[in-house]
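Below is model_31.json, holding JSON, C-alpha atoms.
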[["chain", "number", "residue", "atom", "x", "y", "z"],
["A", 23, "MET", "CA", 84.14, 90.80, -57.89],
["A", 24, "VAL", "CA", 81.36, 92.50, -55.92],
["A", 25, "LYS", "CA", 82.68, 95.07, -53.46],
["A", 26, "MET", "CA", 80.37, 96.06, -50.60],
["A", 27, "ILE", "CA", 80.53, 99.66, -49.35],
["A", 28, "SER", "CA", 79.32, 100.28, -45.82],
["A", 29, "ASN", "CA", 79.68, 102.31, -42.64],
["A", 30, "ASN", "CA", 80.85, 100.80, -39.38],
["A", 31, "SER", "CA", 78.12, 102.34, -37.24],
["A", 32, "ASP", "CA", 74.86, 100.36, -37.04],
["A", 33, "LYS", "CA", 72.95, 103.62, -36.70],
["A", 34, "GLN", "CA", 74.66, 105.05, -39.75],
["A", 35, "GLN", "CA", 73.93, 101.87, -41.73],
["A", 36, "GLN", "CA", 70.22, 102.33, -41.04],
["A", 37, "GLN", "CA", 70.44, 105.81, -42.54],
["A", 38, "ILE", "CA", 72.27, 104.93, -45.75],
["A", 39, "LEU", "CA", 71.45, 102.81, -48.78],
["A", 40, "PRO", "CA", 73.06, 99.50, -49.74],
["A", 41, "CYS", "CA", 75.93, 100.15, -52.10],
["A", 42, "ILE", "CA", 78.10, 97.76, -54.10],
["A", 43, "GLN", "CA", 80.74, 97.91, -56.82],
["A", 44, "GLU", "CA", 80.31, 95.17, -59.41],
["A", 45, "ILE", "CA", 82.31, 97.20, -61.94],
["A", 46, "ASP", "CA", 85.48, 98.89, -60.68],
["A", 47, "GLY", "CA", 84.90, 102.64, -60.45],
["A", 48, "ILE", "CA", 81.09, 102.48, -60.66],
["A", 49, "ASP", "CA", 79.10, 102.68, -57.44],
["A", 50, "GLN", "CA", 75.67, 101.05, -57.46],
["A", 51, "LEU", "CA", 73.20, 102.36, -54.89],
["A", 52, "ILE", "CA", 70.13, 100.17, -54.45],
["A", 53, "VAL", "CA", 67.11, 102.43, -54.03],
["A", 54, "VAL", "CA", 63.57, 101.33, -53.16],
["A", 55, "SER", "CA", 61.43, 102.87, -55.89],
["A", 56, "TYR", "CA", 58.07, 102.80, -57.69],
["A", 57, "VAL", "CA", 58.84, 99.93, -60.03],
["A", 58, "PHE", "CA", 56.19, 98.86, -62.55],
["A", 59, "PRO", "CA", 53.89, 97.07, -61.81],
["A", 60, "PRO", "CA", 53.08, 99.24, -58.79],
["A", 61, "GLU", "CA", 51.75, 96.44, -56.57],
["A", 62, "MET", "CA", 55.32, 95.33, -55.93],
["A", 63, "ALA", "CA", 57.94, 97.29, -54.00],
["A", 64, "HIS", "CA", 61.14, 96.82, -55.97],
["A", 65, "ARG", "CA", 64.36, 98.70, -56.45],
["A", 66, "THR", "CA", 66.09, 100.86, -59.04],
["A", 67, "ASN", "CA", 69.85, 101.02, -59.38],
["A", 68, "CYS", "CA", 71.27, 104.50, -58.92],
["A", 69, "PHE", "CA", 74.72, 104.41, -60.50],
["A", 70, "LEU", "CA", 77.52, 106.91, -59.73],
["A", 71, "ILE", "CA", 79.74, 107.22, -62.79],
["A", 72, "GLY", "CA", 82.81, 109.37, -63.48],
["A", 73, "ASP", "CA", 86.53, 109.37, -62.72],
["A", 74, "LYS", "CA", 87.89, 111.11, -59.66],
["A", 75, "GLY", "CA", 88.24, 114.82, -60.39],
["A", 76, "ASP", "CA", 86.04, 114.51, -63.49],
["A", 77, "LYS", "CA", 82.31, 115.00, -63.90],
["A", 78, "LYS", "CA", 80.43, 112.69, -61.53],
["A", 79, "LEU", "CA", 76.99, 111.58, -62.70],
["A", 80, "ILE", "CA", 74.14, 110.44, -60.47],
["A", 81, "VAL", "CA", 72.16, 108.09, -62.70],
["A", 82, "ASP", "CA", 68.40, 107.55, -62.18],
["A", 83, "PRO", "CA", 67.92, 108.53, -58.53],
["A", 84, "SER", "CA", 64.32, 107.60, -57.73],
["A", 85, "PRO", "CA", 63.46, 107.15, -54.03],
["A", 86, "PHE", "CA", 59.81, 106.27, -53.49],
["A", 87, "SER", "CA", 59.36, 107.98, -50.08],
["A", 88, "ASP", "CA", 60.65, 110.86, -47.98],
["A", 89, "GLU", "CA", 62.54, 108.40, -45.80],
["A", 90, "GLU", "CA", 64.22, 106.77, -48.78],
["A", 91, "TYR", "CA", 65.06, 110.19, -50.18],
["A", 92, "LYS", "CA", 66.77, 111.11, -46.92],
["A", 93, "ARG", "CA", 68.77, 107.87, -47.00],
["A", 94, "LEU", "CA", 69.81, 108.59, -50.59],
["A", 95, "VAL", "CA", 70.98, 112.11, -49.77],
["A", 96, "ASN", "CA", 72.79, 110.92, -46.65],
["A", 97, "THR", "CA", 74.52, 108.20, -48.66],
["A", 98, "LEU", "CA", 75.57, 110.58, -51.43],
["A", 99, "LYS", "CA", 76.91, 113.14, -48.97],
["A", 100, "ASN", "CA", 78.53, 110.93, -46.34],
["A", 101, "SER", "CA", 79.57, 107.65, -47.95],
["A", 102, "PHE", "CA", 81.66, 109.20, -50.72],
["A", 103, "GLU", "CA", 84.07, 112.06, -51.21],
["A", 104, "TYR", "CA", 82.57, 113.03, -54.55],
["A", 105, "THR", "CA", 81.54, 116.35, -56.03],
["A", 106, "TYR", "CA", 78.45, 115.57, -58.06],
["A", 107, "THR", "CA", 78.10, 117.57, -61.27],
["A", 108, "ASP", "CA", 74.98, 116.22, -63.02],
["A", 109, "ILE", "CA", 71.99, 113.93, -62.68],
["A", 110, "PHE", "CA", 71.55, 111.66, -65.70],
["A", 111, "ILE", "CA", 68.09, 110.27, -66.46],
["A", 112, "THR", "CA", 67.78, 107.24, -68.74],
["A", 113, "HIS", "CA", 64.05, 107.77, -69.42],
["A", 114, "HIS", "CA", 60.89, 109.32, -68.04],
["A", 115, "HIS", "CA", 59.26, 106.48, -66.07],
["A", 116, "VAL", "CA", 58.52, 107.24, -62.41],
["A", 117, "ASP", "CA", 60.88, 104.57, -61.08],
["A", 118, "HIS", "CA", 63.71, 106.53, -62.71],
["A", 119, "VAL", "CA", 62.75, 110.14, -61.98],
["A", 120, "ASN", "CA", 60.84, 110.28, -58.70],
["A", 121, "GLU", "CA", 62.14, 113.22, -56.60],
["A", 122, "VAL", "CA", 64.72, 114.04, -59.27],
["A", 123, "GLN", "CA", 63.87, 117.75, -59.18],
["A", 124, "LYS", "CA", 64.24, 117.84, -55.39],
["A", 125, "LEU", "CA", 67.64, 116.15, -55.62],
["A", 126, "ALA", "CA", 68.81, 118.50, -58.37],
["A", 127, "ARG", "CA", 67.96, 121.46, -56.15],
["A", 128, "GLU", "CA", 69.53, 119.77, -53.11],
["A", 129, "PHE", "CA", 72.91, 119.54, -54.86],
["A", 130, "ALA", "CA", 72.41, 122.57, -57.16],
["A", 131, "ILE", "CA", 73.28, 120.56, -60.27],
["A", 132, "PRO", "CA", 71.74, 120.16, -63.75],
["A", 133, "ILE", "CA", 69.65, 117.28, -65.06],
["A", 134, "ILE", "CA", 70.77, 115.56, -68.27],
["A", 135, "ILE", "CA", 67.88, 114.00, -70.19],
["A", 136, "SER", "CA", 66.63, 113.34, -73.71],
["A", 137, "GLU", "CA", 64.32, 115.89, -75.30],
["A", 138, "ASP", "CA", 61.66, 113.20, -75.68],
["A", 139, "SER", "CA", 61.72, 112.28, -71.98],
["A", 140, "TYR", "CA", 61.73, 115.95, -71.03],
["A", 141, "GLY", "CA", 58.61, 116.59, -73.11],
["A", 142, "ARG", "CA", 56.78, 113.55, -71.73],
["A", 143, "LEU", "CA", 57.48, 114.61, -68.14],
["A", 144, "LEU", "CA", 56.21, 118.13, -68.77],
["A", 145, "LYS", "CA", 53.09, 116.78, -70.45],
["A", 146, "LYS", "CA", 52.43, 114.44, -67.54],
["A", 147, "ASN", "CA", 53.37, 116.72, -64.64],
["A", 148, "GLY", "CA", 52.84, 120.26, -65.92],
["A", 149, "PRO", "CA", 55.12, 123.02, -67.26],
["A", 150, "ASP", "CA", 56.65, 123.77, -63.85],
["A", 151, "PHE", "CA", 57.99, 120.27, -63.30],
["A", 152, "PHE", "CA", 61.59, 121.40, -63.88],
["A", 153, "ALA", "CA", 61.19, 124.95, -62.60],
["A", 154, "ASN", "CA", 64.49, 126.61, -61.67],
["A", 155, "ILE", "CA", 66.56, 123.60, -62.73],
["A", 156, "ASN", "CA", 69.22, 123.68, -65.43],
["A", 157, "ILE", "CA", 68.30, 121.11, -68.11],
["A", 158, "LYS", "CA", 70.84, 119.67, -70.54],
["A", 159, "PHE", "CA", 69.59, 117.66, -73.51],
["A", 160, "ALA", "CA", 71.71, 114.60, -74.33],
["A", 161, "ARG", "CA", 72.02, 113.10, -77.79],
["A", 162, "GLU", "CA", 73.74, 110.17, -79.45],
["A", 163, "GLY", "CA", 77.53, 110.47, -79.22],
["A", 164, "ASP", "CA", 77.72, 113.12, -76.50],
["A", 165, "VAL", "CA", 80.63, 112.60, -74.10],
["A", 166, "LEU", "CA", 79.39, 113.16, -70.54],
["A", 167, "THR", "CA", 82.32, 112.06, -68.39],
["A", 168, "HIS", "CA", 85.18, 109.54, -68.30],
["A", 169, "TRP", "CA", 85.69, 106.09, -66.81],
["A", 170, "ASN", "CA", 89.26, 104.84, -66.40],
["A", 171, "GLY", "CA", 90.24, 107.73, -68.66],
["A", 172, "GLN", "CA", 87.91, 106.64, -71.46],
["A", 173, "ASP", "CA", 85.13, 108.77, -72.94],
["A", 174, "VAL", "CA", 81.71, 107.77, -71.62],
["A", 175, "LYS", "CA", 79.28, 108.39, -74.48],
["A", 176, "VAL", "CA", 75.51, 108.62, -74.82],
["A", 177, "PHE", "CA", 73.63, 106.04, -76.85],
["A", 178, "GLU", "CA", 70.01, 106.46, -77.93],
["A", 179, "ILE", "CA", 68.25, 103.15, -77.27],
["A", 180, "PRO", "CA", 64.53, 103.46, -78.15],
["A", 181, "GLY", "CA", 62.12, 100.54, -77.91],
["A", 182, "HIS", "CA", 61.02, 100.20, -74.31],
["A", 183, "ASP", "CA", 60.69, 103.98, -74.26],
["A", 184, "GLU", "CA", 61.18, 106.36, -77.18],
["A", 185, "GLY", "CA", 63.49, 108.71, -75.29],
["A", 186, "GLN", "CA", 65.59, 106.15, -73.44],
["A", 187, "LEU", "CA", 69.33, 106.84, -73.26],
["A", 188, "ALA", "CA", 72.27, 104.62, -72.38],
["A", 189, "LEU", "CA", 75.92, 105.13, -71.44],
["A", 190, "ALA", "CA", 79.07, 103.17, -72.32],
["A", 191, "PRO", "CA", 82.85, 103.73, -72.42],
["A", 192, "GLU", "CA", 84.95, 103.43, -75.57],
["A", 193, "SER", "CA", 86.19, 99.96, -74.62],
["A", 194, "MET", "CA", 82.66, 98.56, -74.25],
["A", 195, "THR", "CA", 83.71, 97.11, -70.91],
["A", 196, "TRP", "CA", 80.19, 97.92, -69.75],
["A", 197, "PHE", "CA", 76.93, 99.24, -71.18],
["A", 198, "LEU", "CA", 74.29, 100.87, -69.01],
["A", 199, "VAL", "CA", 71.13, 99.53, -70.65],
["A", 200, "GLY", "CA", 68.38, 101.08, -68.51],
["A", 201, "ASP", "CA", 65.13, 99.16, -68.95],
["A", 202, "LEU", "CA", 66.02, 97.21, -72.09],
["A", 203, "ILE", "CA", 66.18, 94.18, -69.82],
["A", 204, "GLN", "CA", 65.79, 93.51, -66.12],
["A", 205, "GLY", "CA", 68.69, 91.95, -64.26],
["A", 206, "GLU", "CA", 68.57, 89.37, -61.52],
["A", 207, "GLY", "CA", 69.30, 89.07, -57.83],
["A", 208, "LEU", "CA", 67.65, 92.08, -56.17],
["A", 209, "GLU", "CA", 64.40, 90.27, -55.44],
["A", 210, "PRO", "CA", 63.89, 86.73, -54.06],
["A", 211, "GLY", "CA", 63.96, 84.26, -56.93],
["A", 212, "SER", "CA", 64.30, 86.99, -59.55],
["A", 213, "ARG", "CA", 65.87, 86.26, -62.94],
["A", 214, "ALA", "CA", 66.90, 88.34, -65.90],
["A", 215, "SER", "CA", 63.68, 89.07, -67.74],
["A", 216, "THR", "CA", 62.07, 90.98, -70.57],
["A", 217, "VAL", "CA", 60.26, 94.28, -70.11],
["A", 218, "VAL", "CA", 56.99, 95.84, -71.22],
["A", 219, "ILE", "CA", 56.93, 97.57, -74.61],
["A", 220, "ALA", "CA", 53.90, 99.79, -74.13],
["A", 221, "THR", "CA", 51.76, 101.09, -76.99],
["A", 222, "LYS", "CA", 51.96, 104.79, -76.07],
["A", 223, "GLU", "CA", 55.72, 105.13, -75.61],
["A", 224, "GLY", "CA", 57.29, 101.90, -76.81],
["A", 225, "ASP", "CA", 58.00, 100.49, -80.24],
["A", 226, "MET", "CA", 58.65, 96.77, -80.76],
["A", 227, "LYS", "CA", 60.39, 97.26, -84.09],
["A", 228, "LYS", "CA", 62.81, 99.76, -82.55],
["A", 229, "TYR", "CA", 63.22, 97.45, -79.55],
["A", 230, "PHE", "CA", 64.40, 94.66, -81.86],
["A", 231, "ARG", "CA", 66.84, 97.03, -83.59],
["A", 232, "THR", "CA", 68.21, 98.31, -80.28],
["A", 233, "LEU", "CA", 68.77, 94.77, -78.98],
["A", 234, "GLU", "CA", 70.51, 93.83, -82.22],
["A", 235, "ARG", "CA", 72.72, 96.92, -82.07],
["A", 236, "ILE", "CA", 73.95, 96.29, -78.52],
["A", 237, "ILE", "CA", 74.50, 92.61, -79.26],
["A", 238, "ARG", "CA", 76.75, 93.67, -82.16],
["A", 239, "LEU", "CA", 78.65, 96.10, -79.91],
["A", 240, "ASN", "CA", 79.21, 93.14, -77.56],
["A", 241, "PRO", "CA", 79.92, 94.91, -74.25],
["A", 242, "LYS", "CA", 81.50, 92.74, -71.55],
["A", 243, "TYR", "CA", 78.97, 93.70, -68.87],
["A", 244, "LEU", "CA", 75.40, 95.03, -68.94],
["A", 245, "LEU", "CA", 74.26, 97.44, -66.22],
["A", 246, "PRO", "CA", 70.44, 97.21, -65.99],
["A", 247, "SER", "CA", 68.31, 99.63, -64.04],
["A", 248, "HIS", "CA", 66.81, 96.77, -62.04],
["A", 249, "GLY", "CA", 68.80, 93.82, -60.75],
["A", 250, "MET", "CA", 72.46, 92.93, -60.74],
["A", 251, "VAL", "CA", 75.07, 93.37, -63.46],
["A", 252, "LEU", "CA", 74.83, 90.84, -66.32],
["A", 253, "LYS", "CA", 78.14, 89.40, -67.48],
["A", 254, "SER", "CA", 77.63, 89.18, -71.24],
["A", 255, "VAL", "CA", 75.16, 90.06, -73.98],
["A", 256, "ALA", "CA", 73.71, 86.54, -73.72],
["A", 257, "PRO", "CA", 70.60, 87.79, -71.83],
["A", 258, "LEU", "CA", 69.93, 90.25, -74.67],
["A", 259, "GLU", "CA", 70.34, 87.46, -77.22],
["A", 260, "LYS", "CA", 67.94, 85.29, -75.22],
["A", 261, "THR", "CA", 65.48, 88.17, -74.98],
["A", 262, "LEU", "CA", 65.60, 88.76, -78.74],
["A", 263, "ILE", "CA", 65.02, 85.06, -79.46],
["A", 264, "HIS", "CA", 62.10, 85.01, -77.02],
["A", 265, "ARG", "CA", 60.49, 88.07, -78.60],
["A", 266, "ILE", "CA", 60.92, 86.62, -82.11],
["A", 267, "GLU", "CA", 59.25, 83.39, -80.96],
["A", 268, "ARG", "CA", 56.45, 85.34, -79.27],
["A", 269, "GLU", "CA", 55.92, 87.35, -82.43],
["A", 270, "GLN", "CA", 55.49, 84.18, -84.47],
["A", 271, "GLN", "CA", 52.92, 82.95, -81.94],
["A", 272, "VAL", "CA", 51.06, 86.25, -82.16],
["A", 273, "LEU", "CA", 51.07, 86.10, -85.97],
["A", 274, "LYS", "CA", 49.73, 82.53, -85.95],
["A", 275, "LEU", "CA", 46.89, 83.47, -83.60],
["A", 276, "TYR", "CA", 46.11, 86.56, -85.67],
["A", 277, "LYS", "CA", 45.71, 84.39, -88.77],
["A", 278, "GLN", "CA", 43.29, 82.25, -86.76],
["A", 279, "GLY", "CA", 41.17, 85.36, -86.15],
["A", 280, "LYS", "CA", 42.05, 85.80, -82.48],
["A", 281, "THR", "CA", 41.76, 89.22, -80.84],
["A", 282, "PRO", "CA", 44.65, 90.64, -78.78],
["A", 283, "GLU", "CA", 42.69, 89.86, -75.62],
["A", 284, "GLN", "CA", 42.20, 86.25, -76.69],
["A", 285, "MET", "CA", 45.90, 86.02, -77.55],
["A", 286, "THR", "CA", 46.77, 87.20, -74.05],
["A", 287, "LYS", "CA", 44.67, 84.45, -72.44],
["A", 288, "THR", "CA", 46.29, 81.84, -74.67],
["A", 289, "LEU", "CA", 49.92, 82.94, -74.53],
["A", 290, "TYR", "CA", 50.03, 84.02, -70.89],
["A", 291, "LYS", "CA", 47.71, 81.46, -69.30],
["A", 292, "ARG", "CA", 50.44, 80.50, -66.80],
["A", 293, "VAL", "CA", 51.16, 84.11, -65.85],
["A", 294, "ASN", "CA", 49.47, 85.89, -62.94],
["A", 295, "LYS", "CA", 46.28, 87.47, -64.35],
["A", 296, "ALA", "CA", 47.18, 90.73, -62.63],
["A", 297, "LEU", "CA", 49.98, 91.03, -65.21],
["A", 298, "TRP", "CA", 47.77, 90.36, -68.23],
["A", 299, "PRO", "CA", 47.25, 94.08, -69.00],
["A", 300, "LEU", "CA", 51.03, 94.39, -69.37],
["A", 301, "ALA", "CA", 51.17, 91.27, -71.53],
["A", 302, "LEU", "CA", 48.39, 92.75, -73.68],
["A", 303, "GLU", "CA", 50.55, 95.82, -74.28],
["A", 304, "ASN", "CA", 53.37, 93.61, -75.58],
["A", 305, "ILE", "CA", 50.97, 91.76, -77.88],
["A", 306, "LYS", "CA", 49.61, 95.03, -79.29],
["A", 307, "THR", "CA", 53.11, 96.35, -80.02],
["A", 308, "HIS", "CA", 54.00, 93.04, -81.69],
["A", 309, "LEU", "CA", 50.91, 93.44, -83.88],
["A", 310, "LYS", "CA", 51.90, 96.99, -84.75],
["A", 311, "LYS", "CA", 55.36, 95.80, -85.79],
["A", 312, "LEU", "CA", 53.85, 93.03, -87.91],
["A", 313, "GLU", "CA", 51.52, 95.56, -89.53],
["A", 314, "GLN", "CA", 54.44, 97.88, -90.32],
["A", 315, "GLU", "CA", 56.16, 94.95, -92.01],
["A", 316, "GLY", "CA", 53.07, 94.08, -94.05],
["A", 317, "LEU", "CA", 52.59, 90.68, -92.44],
["A", 318, "LEU", "CA", 49.05, 91.02, -91.09],
["A", 319, "ILE", "CA", 47.38, 89.18, -93.93],
["A", 320, "ASN", "CA", 45.64, 85.85, -94.54],
["A", 321, "LYS", "CA", 43.40, 86.02, -91.50],
["A", 322, "GLN", "CA", 41.00, 83.08, -91.51]]
Would you give me this structure, written as structure tokens?
Amino acid sequence: MVKMISNNSDKQQQQILPCIQEIDGIDQLIVVSYVFPPEMAHRTNCFLIGDKGDKKLIVDPSPFSDEEYKRLVNTLKNSFEYTYTDIFITHHHVDHVNEVQKLAREFAIPIIISEDSYGRLLKKNGPDFFANINIKFAREGDVLTHWNGQDVKVFEIPGHDEGQLALAPESMTWFLVGDLIQGEGLEPGSRASTVVIATKEGDMKKYFRTLERIIRLNPKYLLPSHGMVLKSVAPLEKTLIHRIEREQQVLKLYKQGKTPEQMTKTLYKRVNKALWPLALENIKTHLKKLEQEGLLINKQ
């Protein structure tokens, strides 16, 4: 059941963010952010995770403007009686980290992040990006807080991004999957969909392995960074099947002597051309995976 959290005052409602509870004990703030591709103004889920009196995590706060930042802070301070202890970052993309340093200083709390994401952010933004902020590196198996009394552990889930991290309780009631898949329902007509596996920071082979791993773990609910909660691993299974089918199409076109650019025009002819550069990235990472597996042979 989806539980809406709101204030009674119309003025107050204008100053806070939409918040729902699709999973009991996990608050989901819906933040307007810099979602990729940048032409579209979408939203990133900022989850609040942790039992009362335990460590309370703010997951992926990423407001895209000063006004949205103010609404986020106002919501965190005035809509809940929580003491926030840490900010948890799933990965380094801007729609997950925008204004994260400012928020960490606002609440005087540390940032929990993977070493890979930390390094990428410093390389992109300079060595002072996290100045005067306590950084905690998270690794596979770390227990960060509790949900319904259960350990909430870190999972390393590379593929979309090398340093991406996930969270899940012992019971596998839910699994916070970040950008492994996009959910549905936050944008008009949106559906659960696949994501870009970029050449510089993604790895299609690892993406396949990560999908297969979570499917085996079989959590009851998936918490994506974009869109609503998904109620089984079926979307991950569908995504894996789609990527396997796409890979076979890429391999067939490769054997016909087609370039990645030509493959894009063929395989994504019904897709908005503005998205073709993203599609090209997926094709290139499929080709890299096929090369790693020794399958790029018999070109005509």
Taking 4 positions as the minimum chain separation for residues in the same chain, which residues sit within 9 Å of stretch 117-127 of chain A when counting only C-alpha atoms? Answer as a PyMOL selection string. chain A and resi 54-58+65-68+81-87+91+95+108-109+111-113+131-133+151-156+247
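Take atom CA of A:Ala220 and atom CA of A:Ile305: the distance between them is 9.3 Å.
The residue that comes closest to A:Glu269, out of A:Met250, A:Met285, A:Ile236, A:Leu309 and on the basis of all atoms listed in the file, is A:Leu309.
Between atom CA of A:Glu128 and atom CA of A:Glu184 there is a distance of 28.8 Å.
Computed from the coordinates, the atom CA of A:Ile319 to atom CA of A:Val272 distance equals 12.7 Å.
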Could you name the residues that touch A:Leu300 at 12 Å or less, counting all atoms listed in the file, but leaving out those on the same chain fewer than 3 positions away, as a PyMOL selection string? chain A and resi 58-60+216-221+282-283+286+290+293-297+303-307
Residue subset to file, keeping C-alpha atoms, as a compact mmCIF listing (two decimals), in the frame of the given file:
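Result saved to result-v3.txt:
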# COMPACT_ATOMS: atom_id res chain seq x y z
CA PHE A 58 56.19 98.86 -62.55
CA PRO A 59 53.89 97.07 -61.81
CA PRO A 60 53.08 99.24 -58.79
CA THR A 216 62.07 90.98 -70.57
CA VAL A 217 60.26 94.28 -70.11
CA VAL A 218 56.99 95.84 -71.22
CA ILE A 219 56.93 97.57 -74.61
CA ALA A 220 53.90 99.79 -74.13
CA THR A 221 51.76 101.09 -76.99
CA PRO A 282 44.65 90.64 -78.78
CA GLU A 283 42.69 89.86 -75.62
CA THR A 286 46.77 87.20 -74.05
CA TYR A 290 50.03 84.02 -70.89
CA VAL A 293 51.16 84.11 -65.85
CA ASN A 294 49.47 85.89 -62.94
CA LYS A 295 46.28 87.47 -64.35
CA ALA A 296 47.18 90.73 -62.63
CA LEU A 297 49.98 91.03 -65.21
CA GLU A 303 50.55 95.82 -74.28
CA ASN A 304 53.37 93.61 -75.58
CA ILE A 305 50.97 91.76 -77.88
CA LYS A 306 49.61 95.03 -79.29
CA THR A 307 53.11 96.35 -80.02
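When all atoms listed in the file are used to compute distances to A:Gln186, the closest of the residues A:Met226, A:Ile135, A:Ile42, A:Leu166 turns out to be A:Ile135.
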Please work out which residues fall within 8 Å of (63.9, 101.3, -76.6), coordinates as given in the file, with only C-alpha atoms counting, and return them as an mmCIF file with C-alpha atoms, in the frame of the given file.
data_model
loop_
_atom_site.group_PDB
_atom_site.id
_atom_site.type_symbol
_atom_site.label_atom_id
_atom_site.label_comp_id
_atom_site.auth_asym_id
_atom_site.auth_seq_id
_atom_site.Cartn_x
_atom_site.Cartn_y
_atom_site.Cartn_z
ATOM 1 C CA ILE A 179 68.250 103.150 -77.270
ATOM 2 C CA PRO A 180 64.530 103.460 -78.150
ATOM 3 C CA GLY A 181 62.120 100.540 -77.910
ATOM 4 C CA HIS A 182 61.020 100.200 -74.310
ATOM 5 C CA ASP A 183 60.690 103.980 -74.260
ATOM 6 C CA GLU A 184 61.180 106.360 -77.180
ATOM 7 C CA GLY A 185 63.490 108.710 -75.290
ATOM 8 C CA GLN A 186 65.590 106.150 -73.440
ATOM 9 C CA LEU A 202 66.020 97.210 -72.090
ATOM 10 C CA GLY A 224 57.290 101.900 -76.810
ATOM 11 C CA ASP A 225 58.000 100.490 -80.240
ATOM 12 C CA LYS A 228 62.810 99.760 -82.550
ATOM 13 C CA TYR A 229 63.220 97.450 -79.550
ATOM 14 C CA THR A 232 68.210 98.310 -80.280
#
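Compared by their closest atoms to A:Leu312, and using only C-alpha atoms, the residues A:Lys260, A:His64, A:Lys227, A:Lys277 rank with A:Lys227 nearest.
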Which is closest to A:Glu259 among A:Lys287, A:Lys310, A:Lys74, A:Arg235, if we use all atoms listed in the file? A:Arg235
Spatial sel., origin (80.8, 108.3, -60.5), limit 10 Å, all atoms listed in the file, listed as a PDB file with C-alpha atoms, in the coordinates of the input:
ATOM      1  CA  GLY A  47      84.900 102.640 -60.450  1.00  0.00           C
ATOM      2  CA  ILE A  48      81.090 102.480 -60.660  1.00  0.00           C
ATOM      3  CA  ASP A  49      79.100 102.680 -57.440  1.00  0.00           C
ATOM      4  CA  GLN A  50      75.670 101.050 -57.460  1.00  0.00           C
ATOM      5  CA  PHE A  69      74.720 104.410 -60.500  1.00  0.00           C
ATOM      6  CA  LEU A  70      77.520 106.910 -59.730  1.00  0.00           C
ATOM      7  CA  ILE A  71      79.740 107.220 -62.790  1.00  0.00           C
ATOM      8  CA  GLY A  72      82.810 109.370 -63.480  1.00  0.00           C
ATOM      9  CA  ASP A  73      86.530 109.370 -62.720  1.00  0.00           C
ATOM     10  CA  LYS A  74      87.890 111.110 -59.660  1.00  0.00           C
ATOM     11  CA  GLY A  75      88.240 114.820 -60.390  1.00  0.00           C
ATOM     12  CA  ASP A  76      86.040 114.510 -63.490  1.00  0.00           C
ATOM     13  CA  LYS A  77      82.310 115.000 -63.900  1.00  0.00           C
ATOM     14  CA  LYS A  78      80.430 112.690 -61.530  1.00  0.00           C
ATOM     15  CA  LEU A  79      76.990 111.580 -62.700  1.00  0.00           C
ATOM     16  CA  ILE A  80      74.140 110.440 -60.470  1.00  0.00           C
ATOM     17  CA  VAL A  81      72.160 108.090 -62.700  1.00  0.00           C
ATOM     18  CA  PHE A 102      81.660 109.200 -50.720  1.00  0.00           C
ATOM     19  CA  TYR A 104      82.570 113.030 -54.550  1.00  0.00           C
ATOM     20  CA  THR A 105      81.540 116.350 -56.030  1.00  0.00           C
ATOM     21  CA  TYR A 106      78.450 115.570 -58.060  1.00  0.00           C
ATOM     22  CA  THR A 107      78.100 117.570 -61.270  1.00  0.00           C
ATOM     23  CA  THR A 167      82.320 112.060 -68.390  1.00  0.00           C
ATOM     24  CA  HIS A 168      85.180 109.540 -68.300  1.00  0.00           C
ATOM     25  CA  TRP A 169      85.690 106.090 -66.810  1.00  0.00           C
TER      26      TRP A 169
END
Option closest in space to A:Leu258, from A:Ile237, A:Leu189, A:Leu318, A:Leu94 [counting all atoms listed in the file]: A:Ile237
Saving stretch 228-240 of chain A with C-alpha atoms, as a tab-separated table (two decimals), in the first residue's frame, what would that file be?
chain	number	residue	atom	x	y	z
A	228	LYS	CA	29.35	-7.07	-15.24
A	229	TYR	CA	25.84	-5.71	-15.83
A	230	PHE	CA	24.68	-9.17	-16.91
A	231	ARG	CA	26.30	-10.75	-13.84
A	232	THR	CA	24.75	-8.19	-11.50
A	233	LEU	CA	21.27	-8.74	-12.95
A	234	GLU	CA	21.70	-12.50	-12.63
A	235	ARG	CA	22.87	-12.17	-9.03
A	236	ILE	CA	19.89	-10.08	-7.90
A	237	ILE	CA	17.47	-12.34	-9.76
A	238	ARG	CA	18.91	-15.28	-7.79
A	239	LEU	CA	18.55	-13.37	-4.51
A	240	ASN	CA	14.89	-12.85	-5.47
